[in-house]
Amino acid sequence: MVRTRFAPSPTGYLHIGGARTALFSWAYARKLGGEFILRIEDTDQERSTQASVQAILDGMAWLGLDWDEGPYYQMQRMERYKTVVDQLLEEGKAYYCYASKEELDVMREAQKARGEKPRYDGRWRPEPGKTLPPPPAGVTPVIRFKTPLDGEITFNDQIKGPITVANAELDDLVIVRGDGIPTYNFGVVVDDWDMGITHVIRGDDHVNNTPRQINILKALGAPIPTYAHVPMILGQDGERLSKRHGAVSVLQYREEGFLPEALLNYLARLGWGHGDDEKFSLAQFVEWFEVPQVSHSAARFDGSKLTWLNQQYLKEADNSRLAELVQPFLVAQGIDTTGRGELPGLIALVKERVSTVEELADGLHIYFRQTLAAVDELRAKLTRSALPAFEALRNALETVDWQAPVLGQLLKDTAQAHGLKMGQVGMPLRLILFGTAQTPSIDQVLALLGREEILRRFDGAWPHVQAVVE
């Protein structure tokens with residue numbers, strides 16, 4: 001069975017690059033009827049936080065990337081790592097190194113001065129015929145893996161193709177630090193082995209780690225997964241994606257009013273494509289996705305394209321669902337819509353004009369909070385001679401059958417009876433009721449808000465209108 005994993009380090013939020021890697025790993029497992037495992041690589045105790053763990057879990061849940069096993073935590077597996085490293089020590093495939101940080105710094109500086117690649121020189125590596133000095137007192141050793149001195153590692157990356165690295169290019173990496181905590185390259189190997197991971201899909205910043213990890217897997221007699229290294233995501237300026245390019249946290253997009261399906265759709269298109277298809281469902285992506293189709297080149301993040309996609313999904317979204325999503329944004333504006341059953345109907349009118357749920361809230365607030373129109377705009381749209389038409393309209397609104405078609409006809413009849421064009425009634429009426437001339441179809445808005453609310457607004461604004469126009 002195919003088993004993939006997503007293994008973030010909880011030293012920050014779930015960022016865009018990590019979310020795309022998770023999506024690709026998740027989709028590959030789902031496509032082939034496999035299993036997707038979530039693992040939290042929390043051995044960096046100085047930087048790992050529970051808040052970051054929760055941000056990762058919340059981000060995955062919001063995106064709908066469900067996992068079949070986990071989350072596993074590396075810090076809960078210390079005994080297992082110790083068992084495996086003891087095995088390597090016993091078999092002569094790992095050894096204690098007592099070189100101090102200062103010694104290693106001097107060693108690397110000397111290598112640089114000679115024009116050599118800085119690397120560990122094997123001074124504590126046991127070899128036949130080699131005599132090692134006695135361990136220095138007071139020094140806590142690290143444990144290094146005994147990398148083969150000859151031969152090479154070749155693996156067929158599903159995205160990059162065959163990659164070969166000579167063992168002579170690799171030094172003896174530290175696999176357990178002095179505090180007993182395993183390093184990344186050792187912990188990940190034991191985890192992938194124990195968890196039966198068959199396919200490792202991860203960022204290409206790990207491609208140089210892969211030969212080292214394969215050497216450790218071989219030393220343990222463990223199966224070697226199939227690897228695929230996904231190119232990084234760049235900003236529009238060609239630099240690596242960072243905070244200065246805008247929102248990079250998955251949850252930040254939620255806070256800005258993006259829909260998870262839109263973000264997933266966009267992430268899927270970053271470095272992968274299915275012909276000219278720009279918009280597709282998650283189910284379609286799973287059906288179409290093939291790892292070798294992922295681009296070899298870095299993808300460029302285009303916030304405007306994500307916004308466009310989100311706009312398309314907003315237009316299709318269920319209005320009741322959007323009513324739930326927009327509530328926190330309205331509350332943040334001090335608007336309580338409790339018991340206001342017209343919200344989904346208003347959303348149906350407004351959502352065509354917006355790109356995010358946050359913008360949707362901005363477009364809705366005028367229907368829940370009355371604002372008086374600006375004096376200059378009111379004077380530009382409403383003349384003194386037209387006031388009798390609005391007084392007649394106000395009276396007619398008390399008894400008219402409250403349905404959008406009937407209300408629309410009332411506006412037309414009022415305009416005709418007073419020698420006005422429809423725009424000379426509709427635009428000023430919007431200003432009177434909502435403080436802005438920009439609203440959806442006025443008859444539909446009137447019908448949704450109801451007779452009582454419309455008359456209340458009319459009467460509340462009328463003294464202001466008379467004072468401005470007269």
# chains A, B, ... in the order shown; residues from 1 in each chain; ligands from 1
>>> select_by_dssp(residues="segment 24-73 of chain A", states="alpha helix (DSSP H)", output="number ranges by chain")
A: 24-31, 50-63
>>> write_last_selection(atoms="N, CA, C and O atoms", output="PDB file, in the first residue's frame")
ATOM      1  N   PHE A  24       0.132  17.740  -2.155  1.00  0.00           N
ATOM      2  CA  PHE A  24       0.632  16.757  -3.128  1.00  0.00           C
ATOM      3  C   PHE A  24       0.746  15.373  -2.491  1.00  0.00           C
ATOM      4  O   PHE A  24       0.375  14.364  -3.103  1.00  0.00           O
ATOM      5  N   SER A  25       1.268  15.315  -1.252  1.00  0.00           N
ATOM      6  CA  SER A  25       1.414  14.026  -0.573  1.00  0.00           C
ATOM      7  C   SER A  25       0.048  13.405  -0.290  1.00  0.00           C
ATOM      8  O   SER A  25      -0.159  12.198  -0.467  1.00  0.00           O
ATOM      9  N   TRP A  26      -0.874  14.231   0.165  1.00  0.00           N
ATOM     10  CA  TRP A  26      -2.240  13.778   0.465  1.00  0.00           C
ATOM     11  C   TRP A  26      -2.927  13.266  -0.804  1.00  0.00           C
ATOM     12  O   TRP A  26      -3.536  12.196  -0.805  1.00  0.00           O
ATOM     13  N   ALA A  27      -2.830  14.036  -1.880  1.00  0.00           N
ATOM     14  CA  ALA A  27      -3.519  13.675  -3.127  1.00  0.00           C
ATOM     15  C   ALA A  27      -2.968  12.382  -3.713  1.00  0.00           C
ATOM     16  O   ALA A  27      -3.728  11.556  -4.244  1.00  0.00           O
ATOM     17  N   TYR A  28      -1.639  12.194  -3.614  1.00  0.00           N
ATOM     18  CA  TYR A  28      -1.044  10.975  -4.170  1.00  0.00           C
ATOM     19  C   TYR A  28      -1.561   9.748  -3.427  1.00  0.00           C
ATOM     20  O   TYR A  28      -1.910   8.726  -4.039  1.00  0.00           O
ATOM     21  N   ALA A  29      -1.641   9.849  -2.093  1.00  0.00           N
ATOM     22  CA  ALA A  29      -2.165   8.726  -1.313  1.00  0.00           C
ATOM     23  C   ALA A  29      -3.633   8.476  -1.625  1.00  0.00           C
ATOM     24  O   ALA A  29      -4.067   7.324  -1.787  1.00  0.00           O
ATOM     25  N   ARG A  30      -4.417   9.545  -1.718  1.00  0.00           N
ATOM     26  CA  ARG A  30      -5.843   9.385  -2.000  1.00  0.00           C
ATOM     27  C   ARG A  30      -6.075   8.809  -3.397  1.00  0.00           C
ATOM     28  O   ARG A  30      -6.963   7.981  -3.595  1.00  0.00           O
ATOM     29  N   LYS A  31      -5.278   9.235  -4.350  1.00  0.00           N
ATOM     30  CA  LYS A  31      -5.445   8.758  -5.723  1.00  0.00           C
ATOM     31  C   LYS A  31      -5.250   7.250  -5.826  1.00  0.00           C
ATOM     32  O   LYS A  31      -5.975   6.554  -6.547  1.00  0.00           O
ATOM     33  N   GLN A  50       4.109  24.739  21.144  1.00  0.00           N
ATOM     34  CA  GLN A  50       2.785  24.140  21.050  1.00  0.00           C
ATOM     35  C   GLN A  50       1.864  24.992  20.204  1.00  0.00           C
ATOM     36  O   GLN A  50       0.978  24.479  19.514  1.00  0.00           O
ATOM     37  N   ALA A  51       2.086  26.315  20.231  1.00  0.00           N
ATOM     38  CA  ALA A  51       1.268  27.208  19.401  1.00  0.00           C
ATOM     39  C   ALA A  51       1.478  26.898  17.920  1.00  0.00           C
ATOM     40  O   ALA A  51       0.528  26.920  17.125  1.00  0.00           O
ATOM     41  N   SER A  52       2.723  26.594  17.558  1.00  0.00           N
ATOM     42  CA  SER A  52       3.003  26.251  16.161  1.00  0.00           C
ATOM     43  C   SER A  52       2.384  24.908  15.792  1.00  0.00           C
ATOM     44  O   SER A  52       1.876  24.732  14.680  1.00  0.00           O
ATOM     45  N   VAL A  53       2.427  23.956  16.706  1.00  0.00           N
ATOM     46  CA  VAL A  53       1.779  22.665  16.471  1.00  0.00           C
ATOM     47  C   VAL A  53       0.298  22.877  16.187  1.00  0.00           C
ATOM     48  O   VAL A  53      -0.253  22.349  15.217  1.00  0.00           O
ATOM     49  N   GLN A  54      -0.336  23.699  17.029  1.00  0.00           N
ATOM     50  CA  GLN A  54      -1.776  23.939  16.860  1.00  0.00           C
ATOM     51  C   GLN A  54      -2.063  24.663  15.551  1.00  0.00           C
ATOM     52  O   GLN A  54      -3.067  24.386  14.872  1.00  0.00           O
ATOM     53  N   ALA A  55      -1.184  25.584  15.171  1.00  0.00           N
ATOM     54  CA  ALA A  55      -1.369  26.305  13.904  1.00  0.00           C
ATOM     55  C   ALA A  55      -1.290  25.348  12.719  1.00  0.00           C
ATOM     56  O   ALA A  55      -2.037  25.487  11.741  1.00  0.00           O
ATOM     57  N   ILE A  56      -0.400  24.365  12.799  1.00  0.00           N
ATOM     58  CA  ILE A  56      -0.281  23.375  11.738  1.00  0.00           C
ATOM     59  C   ILE A  56      -1.540  22.514  11.673  1.00  0.00           C
ATOM     60  O   ILE A  56      -2.115  22.289  10.605  1.00  0.00           O
ATOM     61  N   LEU A  57      -1.992  22.035  12.835  1.00  0.00           N
ATOM     62  CA  LEU A  57      -3.193  21.196  12.877  1.00  0.00           C
ATOM     63  C   LEU A  57      -4.416  21.972  12.400  1.00  0.00           C
ATOM     64  O   LEU A  57      -5.241  21.446  11.639  1.00  0.00           O
ATOM     65  N   ASP A  58      -4.528  23.225  12.829  1.00  0.00           N
ATOM     66  CA  ASP A  58      -5.663  24.052  12.415  1.00  0.00           C
ATOM     67  C   ASP A  58      -5.622  24.318  10.913  1.00  0.00           C
ATOM     68  O   ASP A  58      -6.666  24.309  10.242  1.00  0.00           O
ATOM     69  N   GLY A  59      -4.428  24.582  10.392  1.00  0.00           N
ATOM     70  CA  GLY A  59      -4.291  24.836   8.962  1.00  0.00           C
ATOM     71  C   GLY A  59      -4.665  23.626   8.128  1.00  0.00           C
ATOM     72  O   GLY A  59      -5.375  23.738   7.113  1.00  0.00           O
ATOM     73  N   MET A  60      -4.204  22.454   8.548  1.00  0.00           N
ATOM     74  CA  MET A  60      -4.541  21.220   7.830  1.00  0.00           C
ATOM     75  C   MET A  60      -6.045  20.962   7.886  1.00  0.00           C
ATOM     76  O   MET A  60      -6.664  20.577   6.879  1.00  0.00           O
ATOM     77  N   ALA A  61      -6.636  21.176   9.061  1.00  0.00           N
ATOM     78  CA  ALA A  61      -8.078  20.941   9.213  1.00  0.00           C
ATOM     79  C   ALA A  61      -8.871  21.912   8.346  1.00  0.00           C
ATOM     80  O   ALA A  61      -9.860  21.532   7.709  1.00  0.00           O
ATOM     81  N   TRP A  62      -8.453  23.180   8.313  1.00  0.00           N
ATOM     82  CA  TRP A  62      -9.168  24.177   7.506  1.00  0.00           C
ATOM     83  C   TRP A  62      -9.115  23.826   6.022  1.00  0.00           C
ATOM     84  O   TRP A  62     -10.109  23.957   5.299  1.00  0.00           O
ATOM     85  N   LEU A  63      -7.968  23.340   5.585  1.00  0.00           N
ATOM     86  CA  LEU A  63      -7.828  22.956   4.182  1.00  0.00           C
ATOM     87  C   LEU A  63      -8.560  21.647   3.860  1.00  0.00           C
ATOM     88  O   LEU A  63      -8.796  21.344   2.694  1.00  0.00           O
TER      89      LEU A  63
END
>>> residues_around(residues="Arg39 of chain A", least_positions_apart="5", cutoff="6 Å", atoms="only C-alpha atoms", output="list in words")
Ala7, Pro71 and Tyr72 of chain A
>>> closest_atom_pairs(of="segment 213-313 of chain A", to="segment 133-148 of chain A", cutoff="12 Å", atoms="only C-alpha atoms", output="tab-separated table")
residue	atom	partner	partner_atom	distance
A:Gln213	CA	A:Phe145	CA	10.4
A:Ile214	CA	A:Thr147	CA	10.6
A:Asn215	CA	A:Thr147	CA	7.1
A:Ile216	CA	A:Phe145	CA	7.6
A:Leu217	CA	A:Phe145	CA	11.3
A:Lys218	CA	A:Pro148	CA	10.7
A:Ala219	CA	A:Thr147	CA	9.3
A:Leu220	CA	A:Phe145	CA	11.4
>>> closest_atom_pairs(of="segment 214-319 of chain A", to="segment 204-210 of chain A", cutoff="6 Å", atoms="only C-alpha atoms", output="Markdown table")
| residue | atom | partner | partner_atom | distance |
| --- | --- | --- | --- | --- |
| A:His229 | CA | A:Asp204 | CA | 4.5 |
| A:Val230 | CA | A:Asp204 | CA | 5.2 |
| A:Pro231 | CA | A:Asp204 | CA | 5.3 |
>>> write_last_selection(atoms="C-alpha atoms", output="PDB file, in the first residue's frame")
ATOM      1  CA  HIS A 229      11.447  16.752  -4.460  1.00  0.00           C
ATOM      2  CA  VAL A 230       9.104  19.618  -5.241  1.00  0.00           C
ATOM      3  CA  PRO A 231      10.702  22.896  -6.423  1.00  0.00           C
TER       4      PRO A 231
END
>>> atom_distance(atom1="atom CA of Trp462 of chain A", atom2="atom CA of Gly435 of chain A")
11.9 Å
>>> closest_residue(among="A:Leu393, A:Ala222, A:Leu346, A:Val326", to="Ala361 of chain A", atoms="only C-alpha atoms")
A:Val326
>>> closest_residue(among="A:Arg384, A:Gln424, A:Leu325, A:Asp44", to="Thr183 of chain A", atoms="only C-alpha atoms")
A:Asp44
>>> residues_around(residues="segment 414-418 of chain A", least_positions_apart="4", cutoff="7 Å", atoms="only C-alpha atoms", output="number ranges by chain")
A: 389, 393, 410, 422, 425
>>> write_last_selection(atoms="all heavy atoms", output="PDB file, in the first residue's frame")
ATOM      1  N   ALA A 389     -41.584  63.816  -5.078  1.00  0.00           N
ATOM      2  CA  ALA A 389     -41.634  62.439  -5.581  1.00  0.00           C
ATOM      3  C   ALA A 389     -41.259  61.463  -4.473  1.00  0.00           C
ATOM      4  O   ALA A 389     -41.869  60.390  -4.334  1.00  0.00           O
ATOM      5  CB  ALA A 389     -40.701  62.279  -6.783  1.00  0.00           C
ATOM      6  N   LEU A 393     -43.401  58.623  -2.610  1.00  0.00           N
ATOM      7  CA  LEU A 393     -42.883  57.251  -2.558  1.00  0.00           C
ATOM      8  C   LEU A 393     -42.916  56.729  -1.132  1.00  0.00           C
ATOM      9  O   LEU A 393     -43.317  55.581  -0.878  1.00  0.00           O
ATOM     10  CB  LEU A 393     -41.453  57.223  -3.113  1.00  0.00           C
ATOM     11  CG  LEU A 393     -40.728  55.872  -3.065  1.00  0.00           C
ATOM     12  CD1 LEU A 393     -41.475  54.820  -3.887  1.00  0.00           C
ATOM     13  CD2 LEU A 393     -39.291  56.010  -3.559  1.00  0.00           C
ATOM     14  N   LEU A 410     -43.328  50.197  -8.569  1.00  0.00           N
ATOM     15  CA  LEU A 410     -43.652  51.414  -7.835  1.00  0.00           C
ATOM     16  C   LEU A 410     -42.623  52.503  -8.109  1.00  0.00           C
ATOM     17  O   LEU A 410     -42.980  53.682  -8.292  1.00  0.00           O
ATOM     18  CB  LEU A 410     -43.711  51.115  -6.333  1.00  0.00           C
ATOM     19  CG  LEU A 410     -43.901  52.333  -5.411  1.00  0.00           C
ATOM     20  CD1 LEU A 410     -45.218  53.044  -5.717  1.00  0.00           C
ATOM     21  CD2 LEU A 410     -43.833  51.916  -3.945  1.00  0.00           C
ATOM     22  N   MET A 422     -35.796  57.067 -14.330  1.00  0.00           N
ATOM     23  CA  MET A 422     -35.636  56.063 -13.282  1.00  0.00           C
ATOM     24  C   MET A 422     -34.389  56.318 -12.441  1.00  0.00           C
ATOM     25  O   MET A 422     -34.382  56.157 -11.222  1.00  0.00           O
ATOM     26  CB  MET A 422     -35.575  54.661 -13.913  1.00  0.00           C
ATOM     27  CG  MET A 422     -35.528  53.536 -12.897  1.00  0.00           C
ATOM     28  SD  MET A 422     -36.946  53.570 -11.782  1.00  0.00           S
ATOM     29  CE  MET A 422     -36.439  52.327 -10.607  1.00  0.00           C
ATOM     30  N   VAL A 425     -34.650  58.597  -9.532  1.00  0.00           N
ATOM     31  CA  VAL A 425     -35.321  58.077  -8.347  1.00  0.00           C
ATOM     32  C   VAL A 425     -34.452  57.031  -7.648  1.00  0.00           C
ATOM     33  O   VAL A 425     -34.243  57.079  -6.434  1.00  0.00           O
ATOM     34  CB  VAL A 425     -36.693  57.468  -8.711  1.00  0.00           C
ATOM     35  CG1 VAL A 425     -37.311  56.771  -7.492  1.00  0.00           C
ATOM     36  CG2 VAL A 425     -37.629  58.548  -9.233  1.00  0.00           C
TER      37      VAL A 425
END
>>> residues_around(residues="segment 251-259 of chain A", least_positions_apart="2", cutoff="10 Å", atoms="only C-alpha atoms", output="ChimeraX atom specification")
/A:13-16,55-56,58-60,62-63,246-249,261-264,306-307,309-311,313-314,317,322,325-326,328-329,355-361
>>> closest_atom_pairs(of="segment 406-434 of chain A", to="segment 444-453 of chain A", cutoff="12 Å", atoms="only C-alpha atoms", output="JSON lines")
{"residue": "A:Val406", "atom": "CA", "partner": "A:Ala447", "partner_atom": "CA", "distance": 9.4}
{"residue": "A:Leu407", "atom": "CA", "partner": "A:Ala447", "partner_atom": "CA", "distance": 7.5}
{"residue": "A:Gly408", "atom": "CA", "partner": "A:Gln444", "partner_atom": "CA", "distance": 8.2}
{"residue": "A:Gln409", "atom": "CA", "partner": "A:Gln444", "partner_atom": "CA", "distance": 11.8}
{"residue": "A:Leu410", "atom": "CA", "partner": "A:Leu446", "partner_atom": "CA", "distance": 11.6}
{"residue": "A:Leu411", "atom": "CA", "partner": "A:Leu446", "partner_atom": "CA", "distance": 11.1}
{"residue": "A:Gly426", "atom": "CA", "partner": "A:Leu446", "partner_atom": "CA", "distance": 11.4}
{"residue": "A:Leu429", "atom": "CA", "partner": "A:Leu446", "partner_atom": "CA", "distance": 10.5}
{"residue": "A:Arg430", "atom": "CA", "partner": "A:Val445", "partner_atom": "CA", "distance": 9.9}
{"residue": "A:Leu433", "atom": "CA", "partner": "A:Leu446", "partner_atom": "CA", "distance": 9.5}
{"residue": "A:Phe434", "atom": "CA", "partner": "A:Val445", "partner_atom": "CA", "distance": 10.5}
>>> write_last_selection(atoms="C-alpha atoms", output="PDB file, in the first residue's frame")
ATOM      1  CA  VAL A 406     -44.129  45.264  -7.223  1.00  0.00           C
ATOM      2  CA  LEU A 407     -41.580  47.533  -5.544  1.00  0.00           C
ATOM      3  CA  GLY A 408     -39.696  47.887  -8.794  1.00  0.00           C
ATOM      4  CA  GLN A 409     -42.875  48.906 -10.594  1.00  0.00           C
ATOM      5  CA  LEU A 410     -43.652  51.414  -7.835  1.00  0.00           C
ATOM      6  CA  LEU A 411     -40.321  53.137  -8.424  1.00  0.00           C
ATOM      7  CA  GLY A 426     -33.176  54.987  -7.868  1.00  0.00           C
ATOM      8  CA  LEU A 429     -33.213  56.531  -2.923  1.00  0.00           C
ATOM      9  CA  ARG A 430     -30.052  54.500  -2.418  1.00  0.00           C
ATOM     10  CA  LEU A 433     -31.534  54.583   2.638  1.00  0.00           C
ATOM     11  CA  PHE A 434     -27.905  53.399   2.546  1.00  0.00           C
TER      12      PHE A 434
END
>>> residues_around(residues="segment 232-242 of chain A", least_positions_apart="4", cutoff="7 Å", atoms="only C-alpha atoms", output="count of residues only")
9
